[in-house]
Amino acid sequence: MLKVVTIPLLLGSLVGSPAIAQSPTYGVGRTPTAEELRRMDIAVGPTGEELPPGRGTAKEGAQLFLQKGCIGCHGAAGAGGLAPALVSKQGADVPVWQKERILPLRSPYATTVWDYINRGMPLGLEGTMTPDEVYSLTAYLLFLNNVIPEDQVLDQQSLPEVTMPIGDEFGKPHEFKLNAPRLKGYPY
Amino acid sequence: MDSKNSRRELLKASAALAGGITLGLGGKAQAQEHNHAATPGSENGSPMIHGSQEQIAYGQRSKYVTSVRVQHPIGGRPSPDVFGKTFHIATPLQDSVGVITPSSLHYVATTRGSYLPDIDPTQHTLTIHGLVDRPLTLTTDELKRFPSVTRLHFIECAGNRHNGQQRTVQDTHGMTSCAEWTGVLLSTLLKECGLKSSAKWFVSEGAEEVKGASSIPIAKGMDDCMIAYGMNGEPLRPQQGFPVRIMVPGFEGIYHTKWLRRIKLVDRFYMNYNEFGHLRPEDKELALGEQIGPKSVITYPSGTQQLPGPGFYEISGLAWSGGGAVKTVEVSTDGGKKWSRAQFKTTPQRMAHVRFGYEWRWDGTETEILSRCTDEIGQRQAMREEIANWWNVPFERNYRVPGLDNSIMPWKIARDGSVTNGLA
């Protein structure tokens, strides 16, 4: 008797009836806790909504650059080390597209710089820095690249508002369409 | 000691070492003498491979098969580097047959050069959250309880560019591979979570030390993205994301996040570090940095191989496209003047390598062989000159094809049968 009832329900969910699709079909897995989500939610988008509270300036960042040993791999003031350079060899006035691919300096959002330092540095000790330390190092590297003044405080509010050197001069992602050429009108 | 005697010694030794199981069942057969006369073409008669725990447990290829992966590009950043980190490793396409790349020879790339995380699958979870009704955390065992799919898909690295300095097809094209992947469609999991209509993109993120992350359009995610745990009939290897990776069929390799720990549904493109590398000044060029175009390459005969002399050869190669299944492959054996349809040796599948062959009688004159493909949505592989013309830029020797380089690859055959890079 039970089977007779469940089969139509199952068919309903397979054809994607919206009302039924709103409830889980398989019921496998568990709901993550709010704390688990907060800890893993490290991808910082353009609005900065994932940024944690905290603050920092270039001066504080310069000290941390020394204390944290960044200088050992990246060199004094972000150049001349074995690891990738963090300042352009070509000087501050060169347009960003002509500079080397340093930092995420070409990113339209300063949040990308914060995000990468937070998730990827320092080598071997990734994810161990406090938000204040990440804000400070971000401020220092943006200051070194003439993006912000030395005394600017970076925090949850001010970081997403930083105007990056690329401005609006970058290609925007197109709307992806299934079964379509990768670029409209491009035959190859 | 001749080879027959040494074999007897080994048989005695293994019989003495092995327990009752070997003696009980296989003992009689093993004790028989293998004194067949040497057969023509096999000088050693039938020498035996000495059984070992490794041979029994996981098997080994013949010692005569020596095909291996190499760092990519040659002269570039070494893998492993001095810290033991892995960056780029290329697959030996010149030795490949069929379309499956053995898991041990699949190409490898990492976000910035990373250590391979040594993940205990019982401790690993995948969490889906963001713009969904019900965030979900799954263990790897729980993931396997969902309805599964098994599909053939290639993955290709955006760094798979051919130039005149390279010698072999491993150097020119070895950053693509094709395997059979098993997992759960992402759409199955997103429906389970209740996808909100405001979700336009998702961020997929790995568990390695740098937590590599990419933004992927939701339309792609709901179409054919797969959360894979199996590869070529066994669990993924650590170099391929054990225990879980995402497959984004036809997109550049970097989107196929390995060691997948998290998927977050978001309302906009997230400029992750991975995306930062994709940035281009123009919308048009940026668009070419996502889905891979139609591409093919001849793997035999290819650079540094040697034709013994004029006569019959089956030209063999691989074709693929990020736009769908390959529809046709054509081969030219006269430097691109005349093109003829090649035969499919396997059934073309969406976003998978297809093996093609072309029967050719070489007359011993110097020539150039090339292949080109067209996919099911009408994109076709072009010469570098054609591409430069479309972009309205002057064609030069070092012309850089925008997006992933999918231009036609020429191999030059000299009168002595030697094969070299036609771009050189």
# chains A, B, ... in the order shown; residues from 1 in each chain; ligands from 1
call {"tool": "residues_around", "arguments": {"residues": "Met247 (chain B)", "least_positions_apart": "3", "cutoff": "8 Å", "atoms": "only C-alpha atoms", "output": "list in words"}}
result
Cys225, Met226, Ile227, Ala228, Tyr255, His256 and Thr257 of chain B
call {"tool": "interface_residues", "arguments": {"of": "chain B", "to": "chain A", "cutoff": "6 Å", "atoms": "only C-alpha atoms", "output": "list in words"}}
result
Pro135, Leu136, Thr137, Leu138, Glu192, Gly194, Val210, Tyr270, Phe276, Arg280, Pro281, Glu282, Asp283, Leu286, Gln291, Gln379, Arg380 and Gln381 of chain B
call {"tool": "atom_distance", "arguments": {"atom1": "CA of Gln152 (chain A)", "atom2": "CA of Pro131 (chain A)"}}
result
16.3 Å
call {"tool": "closest_residue", "arguments": {"among": "B:Ala109, B:Val401, B:Val70, B:Ile56", "to": "Leu288 (chain B)", "atoms": "only C-alpha atoms"}}
result
B:Val401
call {"tool": "closest_residue", "arguments": {"among": "B:Ser296, B:Thr176, B:Ser214, B:Ser52", "to": "Gly277 (chain B)", "atoms": "only C-alpha atoms"}}
result
B:Ser214
